[in-house]
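Worksheet: one structure, shown below.
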Amino acid sequence: MFRRVLVANRGEIAARVLRTLRLMAIDGVAVYSDADRGSPHLRLASQAVRLGPAPPAQSYLRGDKILEAARRTGAEAIHPGYGFLSENADFAQSVLDAGLAWIGPPPAAMRSLGDKVSARALARKQGLPIAQGSPGILTDAKDAGAIARDVGYPVLLKAAAGGGGIGMRVVRKPDEMAAQFEAATSVAQNAFGNGALFLEKYLERPRHIELQVIGDHHGAVVHLGERECSIQRRHQKLVEESPSPALTDDERRHLGDLGVKLAKAAGYHNAGTLEFLYQDRHFYFNEVNARLQVEHPVTEMVYGVDLVREQVRVAAGERLSWQQADLQPRGHAIELRLNCEDPLRDYLPTPGPLRRWRLSGNHHVRVDAGVEEGFRVPALYDSLLAKVIAWGETRGEAIDRLENTLGESQIEGTTTNLAFYRLLVQDEAFRRGELSTRFLEERNLVDRLRSEHAKGRPRAMLLAAALAMAPRGGIGVLQARANRPRRLEEHP
């Protein structure tokens, strides 16, 4: 087993990995940019190395600096977390070439599955269901238009090297194709350095279902069930749960068999996720995320495992801890991504200081946080602050526990989506499990949040007026309420 591992990431996921390393009696090495000098994850490490200025291109995306930090600290392996360099096959290869272990899938598997077009081709060869679309990379908008006529509108343009919904464009009619093709190409080129696009049939109301897999270097691959991640904004997940409330046991077994088959065909080991769209009781393979996912805690809570621990063991050459028959799910888990963003302003990021942070878990509620009270959230990185994950014997019990935790939480100093989630967990369609990737727009949650906010403003103004007119010391309970810290959901 490794004696020292460097975590090439920041925030929530860096803290998450470092905690497991500590439990495994492995020295954890942290890295940081100038913006993260006060980040809580640094205190969980035995050593911390500065990478450079705040911009990712000068710090967390500098593979050469990360390798130098590993050399200086004597790290034997690198865990990339998610984001940044986690799915960069060239960086993974450079880690191996430096004589270090890569706590992730092999570079060859990352290349074959990281490119969506090659992943679709491999999946099709293995008999996985694929949505209709282009056989490969599109040459231009005219080529895309010809294929769209055969497939039938609406269609979806997607970046071949993309992720996180970046570069996606829905095209509903022929005269939109040229403009949308140009826009998608530009975004993909800027985000990934690769403007290549492909096309597939656009499904109007699918569910987003994904399968967790993990394999070792000895040929064993298992799956740990599915997660449903249908509630999204701008193709980016907000809520994830396991198991999906939509699947039958037969569908669940079938999905697991498909995922293991594809992973073995790709020569895959370590952790990964296969993503599918699911509509009208049909699955359509979407992509593979060749890394640990943000939402892995819901799987951990349902299966009673530590996926990061297993990643480290596998990377050290050990065999998987379980066979497929050993992995029996229990109960239901739901995760909410608490982001530093304003739903009332199109989810605009809202970096700034956290003057108050009251968010804690219990026996049934887990909080994976990358911040603490007094921390200033940087503007240059992802807006994720923490993940709140609740477990219950039933889905309804998990939702109730989420609702209780959210009601007790207080965050001040900047705007988050806490109030949005308080509204979501009370939504009847959400509680019934009636989900799709269009859930937010169909349920008008942001409009409802705006209405709640508008109702709250007059009350706040009346309270302020009463305080101004009241005699000194003469308003008792009203004064006490006015002195409570302002909650974040009370937008200024």
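In the structure tokens, each chain is lettered A, B, ... as it comes, each chain's residues begin at 1, and ligands are numbered from 1 in order of appearance.
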
Worksheet item: Using only C-alpha atoms, which residues sit within 12 Å of Leu85 of chain A once same-chain residues fewer than 5 positions away are excluded, as JSON, numbers by chain?
Response: {"A": [7, 8, 9, 10, 56, 57, 59, 60, 61, 62, 63, 64, 66, 78, 79, 80, 90, 91, 92, 93, 94, 95, 102, 104, 110, 192, 290, 291]}

Dump of N, CA and C atoms for the selected residues, as an mmCIF file, in the first residue's frame:
```cif
data_model
loop_
_atom_site.group_PDB
_atom_site.id
_atom_site.type_symbol
_atom_site.label_atom_id
_atom_site.label_comp_id
_atom_site.auth_asym_id
_atom_site.auth_seq_id
_atom_site.Cartn_x
_atom_site.Cartn_y
_atom_site.Cartn_z
ATOM 1 N N VAL A 7 -3.067 14.703 -3.651
ATOM 2 C CA VAL A 7 -4.415 14.952 -4.171
ATOM 3 C C VAL A 7 -4.356 16.190 -5.054
ATOM 4 N N ALA A 8 -4.508 15.998 -6.361
ATOM 5 C CA ALA A 8 -4.338 17.086 -7.336
ATOM 6 C C ALA A 8 -5.666 17.798 -7.568
ATOM 7 N N ASN A 9 -6.206 18.401 -6.510
ATOM 8 C CA ASN A 9 -7.489 19.083 -6.620
ATOM 9 C C ASN A 9 -7.667 20.024 -5.445
ATOM 10 N N ARG A 10 -8.851 20.560 -5.305
ATOM 11 C CA ARG A 10 -9.126 21.567 -4.283
ATOM 12 C C ARG A 10 -10.516 21.341 -3.692
ATOM 13 N N PRO A 56 -6.852 28.672 -12.957
ATOM 14 C CA PRO A 56 -6.558 27.239 -13.092
ATOM 15 C C PRO A 56 -5.416 26.945 -14.059
ATOM 16 N N ALA A 57 -5.328 27.723 -15.148
ATOM 17 C CA ALA A 57 -4.274 27.481 -16.136
ATOM 18 C C ALA A 57 -2.888 27.711 -15.553
ATOM 19 N N SER A 59 -2.310 27.035 -12.195
ATOM 20 C CA SER A 59 -2.221 26.276 -10.942
ATOM 21 C C SER A 59 -2.730 24.845 -11.122
ATOM 22 N N TYR A 60 -4.035 24.627 -10.963
ATOM 23 C CA TYR A 60 -4.570 23.263 -10.928
ATOM 24 C C TYR A 60 -4.530 22.536 -12.272
ATOM 25 N N LEU A 61 -4.312 23.263 -13.357
ATOM 26 C CA LEU A 61 -4.171 22.634 -14.666
ATOM 27 C C LEU A 61 -2.707 22.491 -15.089
ATOM 28 N N ARG A 62 -1.796 22.859 -14.209
ATOM 29 C CA ARG A 62 -0.363 22.744 -14.505
ATOM 30 C C ARG A 62 0.141 21.362 -14.083
ATOM 31 N N GLY A 63 0.046 20.416 -14.981
ATOM 32 C CA GLY A 63 0.497 19.064 -14.684
ATOM 33 C C GLY A 63 1.956 19.003 -14.292
ATOM 34 N N ASP A 64 2.779 19.840 -14.912
ATOM 35 C CA ASP A 64 4.206 19.822 -14.584
ATOM 36 C C ASP A 64 4.446 20.237 -13.134
ATOM 37 N N ILE A 66 2.291 19.922 -10.677
ATOM 38 C CA ILE A 66 1.754 18.870 -9.812
ATOM 39 C C ILE A 66 2.757 17.722 -9.695
ATOM 40 N N ILE A 78 -0.953 9.714 -7.338
ATOM 41 C CA ILE A 78 -1.731 10.951 -7.478
ATOM 42 C C ILE A 78 -3.195 10.602 -7.653
ATOM 43 N N HIS A 79 -4.039 11.217 -6.826
ATOM 44 C CA HIS A 79 -5.496 11.104 -6.979
ATOM 45 C C HIS A 79 -5.978 12.435 -7.572
ATOM 46 N N PRO A 80 -6.633 12.398 -8.743
ATOM 47 C CA PRO A 80 -7.006 13.657 -9.399
ATOM 48 C C PRO A 80 -8.349 14.227 -8.991
ATOM 49 N N ASP A 90 -3.405 12.377 -21.239
ATOM 50 C CA ASP A 90 -1.984 12.725 -21.375
ATOM 51 C C ASP A 90 -1.354 12.954 -20.008
ATOM 52 N N PHE A 91 -2.089 13.624 -19.115
ATOM 53 C CA PHE A 91 -1.553 13.832 -17.771
ATOM 54 C C PHE A 91 -1.434 12.502 -17.030
ATOM 55 N N ALA A 92 -2.452 11.655 -17.161
ATOM 56 C CA ALA A 92 -2.388 10.337 -16.518
ATOM 57 C C ALA A 92 -1.162 9.565 -16.988
ATOM 58 N N GLN A 93 -0.873 9.647 -18.285
ATOM 59 C CA GLN A 93 0.291 8.951 -18.817
ATOM 60 C C GLN A 93 1.593 9.551 -18.276
ATOM 61 N N SER A 94 1.614 10.876 -18.123
ATOM 62 C CA SER A 94 2.818 11.514 -17.590
ATOM 63 C C SER A 94 3.055 11.121 -16.137
ATOM 64 N N VAL A 95 1.979 10.886 -15.389
ATOM 65 C CA VAL A 95 2.113 10.410 -14.015
ATOM 66 C C VAL A 95 2.751 9.026 -14.003
ATOM 67 N N TRP A 102 -1.286 6.123 -10.815
ATOM 68 C CA TRP A 102 -2.419 6.987 -11.164
ATOM 69 C C TRP A 102 -3.671 6.363 -10.558
ATOM 70 N N GLY A 104 -6.829 6.159 -10.951
ATOM 71 C CA GLY A 104 -7.878 6.358 -11.938
ATOM 72 C C GLY A 104 -7.746 5.306 -13.010
ATOM 73 N N MET A 110 -9.159 5.796 -20.926
ATOM 74 C CA MET A 110 -9.621 7.183 -20.881
ATOM 75 C C MET A 110 -9.755 7.748 -22.286
ATOM 76 N N PHE A 192 -12.546 23.118 -24.538
ATOM 77 C CA PHE A 192 -11.774 21.876 -24.564
ATOM 78 C C PHE A 192 -10.598 21.890 -25.528
ATOM 79 N N ALA A 290 -14.789 8.877 -16.971
ATOM 80 C CA ALA A 290 -13.665 8.036 -16.549
ATOM 81 C C ALA A 290 -12.976 8.620 -15.323
ATOM 82 N N ARG A 291 -13.710 8.668 -14.231
ATOM 83 C CA ARG A 291 -13.215 9.260 -12.987
ATOM 84 C C ARG A 291 -14.258 9.025 -11.900
#
```

Neighbouring residues of segment 320-322 of chain A were defined as those with any atom within 10 Å, considering only C-alpha atoms; residues of the same chain fewer than 2 positions away were excluded. Please report them as a CSV table (one decimal) with N, CA and C atoms, in the first residue's frame.
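Contents of around_23.csv, as written:
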```
chain,number,residue,atom,x,y,z
A,214,ILE,N,-16.6,-0.3,-11.0
A,214,ILE,CA,-15.2,-0.2,-10.6
A,214,ILE,C,-14.6,-1.6,-10.9
A,215,GLY,N,-13.3,-1.5,-11.3
A,215,GLY,CA,-12.6,-2.7,-11.7
A,215,GLY,C,-11.2,-2.7,-11.1
A,216,ASP,N,-10.6,-3.9,-11.0
A,216,ASP,CA,-9.2,-3.9,-10.6
A,216,ASP,C,-8.3,-4.3,-11.7
A,217,HIS,N,-7.0,-4.5,-11.4
A,217,HIS,CA,-6.0,-4.8,-12.4
A,217,HIS,C,-6.0,-6.3,-12.7
A,218,HIS,N,-6.8,-7.1,-12.1
A,218,HIS,CA,-6.8,-8.5,-12.3
A,218,HIS,C,-8.0,-9.0,-13.1
A,219,GLY,N,-8.7,-8.0,-13.7
A,219,GLY,CA,-9.8,-8.4,-14.7
A,219,GLY,C,-11.2,-8.4,-14.1
A,220,ALA,N,-11.3,-8.1,-12.8
A,220,ALA,CA,-12.6,-8.1,-12.1
A,220,ALA,C,-13.3,-6.8,-12.3
A,221,VAL,N,-14.5,-6.7,-12.6
A,221,VAL,CA,-15.3,-5.5,-12.7
A,221,VAL,C,-16.7,-5.8,-12.1
A,222,VAL,N,-17.1,-4.8,-11.2
A,222,VAL,CA,-18.5,-4.9,-10.6
A,222,VAL,C,-19.2,-3.6,-10.8
A,270,ASN,N,-10.3,0.7,-12.0
A,270,ASN,CA,-10.6,1.8,-11.1
A,270,ASN,C,-12.1,2.3,-11.3
A,305,VAL,N,-20.2,1.4,1.4
A,305,VAL,CA,-18.8,1.3,0.9
A,305,VAL,C,-18.1,2.6,0.9
A,310,GLU,N,-11.5,2.2,-2.1
A,310,GLU,CA,-11.4,1.2,-3.1
A,310,GLU,C,-10.6,1.6,-4.3
A,311,GLN,N,-10.7,2.9,-4.7
A,311,GLN,CA,-9.9,3.4,-5.7
A,311,GLN,C,-8.4,3.3,-5.4
A,313,ARG,N,-7.0,1.3,-3.1
A,313,ARG,CA,-6.6,-0.1,-3.1
A,313,ARG,C,-6.3,-0.7,-4.5
A,314,VAL,N,-7.2,-0.4,-5.4
A,314,VAL,CA,-7.1,-0.9,-6.8
A,314,VAL,C,-5.8,-0.4,-7.4
A,317,GLY,N,-2.7,-2.1,-6.7
A,317,GLY,CA,-2.6,-3.4,-7.3
A,317,GLY,C,-3.4,-4.5,-6.5
A,318,GLU,N,-4.2,-4.1,-5.5
A,318,GLU,CA,-4.9,-5.0,-4.8
A,318,GLU,C,-6.2,-5.4,-5.5
A,324,GLN,N,-19.7,-9.4,-7.2
A,324,GLN,CA,-21.0,-8.7,-7.5
A,324,GLN,C,-22.0,-9.2,-6.5
A,325,ALA,N,-22.0,-10.4,-6.1
A,325,ALA,CA,-23.1,-11.0,-5.2
A,325,ALA,C,-23.0,-10.3,-3.8
A,326,ASP,N,-21.8,-9.8,-3.5
A,326,ASP,CA,-21.6,-9.1,-2.1
A,326,ASP,C,-22.3,-7.8,-2.1
A,327,LEU,N,-22.6,-7.2,-3.2
A,327,LEU,CA,-23.0,-5.8,-3.2
A,327,LEU,C,-24.6,-5.7,-3.3
```

Practice prompt. Would you work out the distance separating atom CA of Gly361 of chain A from atom CA of Phe84 of chain A, expressed in Å to one decimal?
Written response: 28.1 Å

Worksheet item: Which is closer to Gln232 of chain A than all the others in A:Leu96, A:Leu336, A:Val371, A:Val213, using only C-alpha atoms?
Response: A:Leu336

Worksheet item: Excluding same-chain residues fewer than 6 positions from His363 of chain A, what lies within 12 Å of it counting only C-alpha atoms, as a count of residues only?
Response: 7

Item to complete: Could you give me, as a PyMOL selection string, each residue of segment 175-267 of chain A that DSSP assigns to strand (DSSP E or B) when run on this structure's backbone?
Response: chain A and resi 197-201+207-215+221-228+232-233+236-237+239-242

Quick one: everything within 7 Å of segment 253-268 of chain A, counting only C-alpha atoms, minus sequence neighbours fewer than 4 positions away in the same chain. Send it as a PDB file with C-alpha atoms, in the first residue's frame.
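Below is the file result37.pdb, written as the result:
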```
ATOM      1  CA  PRO A 105      -8.484   4.388 -15.129  1.00  0.00           C
ATOM      2  CA  PRO A 106      -5.654   3.565 -17.549  1.00  0.00           C
ATOM      3  CA  ALA A 109      -9.327   3.448 -21.559  1.00  0.00           C
ATOM      4  CA  ALA A 123     -20.807   0.806 -26.959  1.00  0.00           C
ATOM      5  CA  GLN A 126     -20.889  -4.268 -27.491  1.00  0.00           C
ATOM      6  CA  LEU A 128     -25.529  -1.216 -25.962  1.00  0.00           C
ATOM      7  CA  LEU A 211     -24.270   3.311 -13.444  1.00  0.00           C
ATOM      8  CA  VAL A 213     -18.637   0.625 -11.996  1.00  0.00           C
ATOM      9  CA  GLY A 215     -12.623  -2.729 -11.677  1.00  0.00           C
ATOM     10  CA  VAL A 221     -15.328  -5.490 -12.734  1.00  0.00           C
ATOM     11  CA  VAL A 222     -18.456  -4.930 -10.633  1.00  0.00           C
ATOM     12  CA  HIS A 223     -21.245  -2.373 -10.628  1.00  0.00           C
ATOM     13  CA  GLY A 225     -26.221   0.087  -8.993  1.00  0.00           C
ATOM     14  CA  ASP A 249     -35.547  -4.789 -10.817  1.00  0.00           C
ATOM     15  CA  LEU A 274     -21.659   5.065 -17.534  1.00  0.00           C
TER      16      LEU A 274
END
```

Worksheet item: Taking into account only C-alpha atoms, which residue in the set A:Ser46, A:Asn286, A:Gln212, A:Gln426 is nearest to Gln132 of chain A?
Response: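 Closest to Gln132 of chain A, using only C-alpha atoms: A:Asn286.
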
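Omitting Asn417 of chain A and its sequence neighbours fewer than 3 positions away, and counting only C-alpha atoms, the residues within 10 Å are Leu238, Leu336, Arg337, Leu338, Asn339, Cys340, Glu341, Asp342, Pro343, Leu344, Tyr347, Phe420, Tyr421, Arg422, Leu488 and Glu489 of chain A.
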
Could you take the residues named above and write them with C-alpha atoms, as a PDB file, in the first residue's frame?
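Output (result08.pdb):
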```pdb
ATOM      1  CA  LEU A 238     -28.236  19.491  -9.056  1.00  0.00           C
ATOM      2  CA  LEU A 336     -28.207  18.012  -3.150  1.00  0.00           C
ATOM      3  CA  ARG A 337     -25.366  20.115  -4.555  1.00  0.00           C
ATOM      4  CA  LEU A 338     -25.178  23.276  -2.488  1.00  0.00           C
ATOM      5  CA  ASN A 339     -23.743  25.866  -4.859  1.00  0.00           C
ATOM      6  CA  CYS A 340     -22.638  29.448  -4.437  1.00  0.00           C
ATOM      7  CA  GLU A 341     -25.057  30.760  -7.071  1.00  0.00           C
ATOM      8  CA  ASP A 342     -28.293  32.728  -7.384  1.00  0.00           C
ATOM      9  CA  PRO A 343     -31.217  30.817  -8.958  1.00  0.00           C
ATOM     10  CA  LEU A 344     -33.081  34.113  -9.341  1.00  0.00           C
ATOM     11  CA  TYR A 347     -27.817  30.620 -11.443  1.00  0.00           C
ATOM     12  CA  PHE A 420     -34.280  26.731  -3.815  1.00  0.00           C
ATOM     13  CA  TYR A 421     -33.746  23.305  -2.262  1.00  0.00           C
ATOM     14  CA  ARG A 422     -36.118  24.076   0.602  1.00  0.00           C
ATOM     15  CA  LEU A 488     -29.026  33.944   2.701  1.00  0.00           C
ATOM     16  CA  GLU A 489     -32.310  33.128   1.038  1.00  0.00           C
TER      17      GLU A 489
END
```
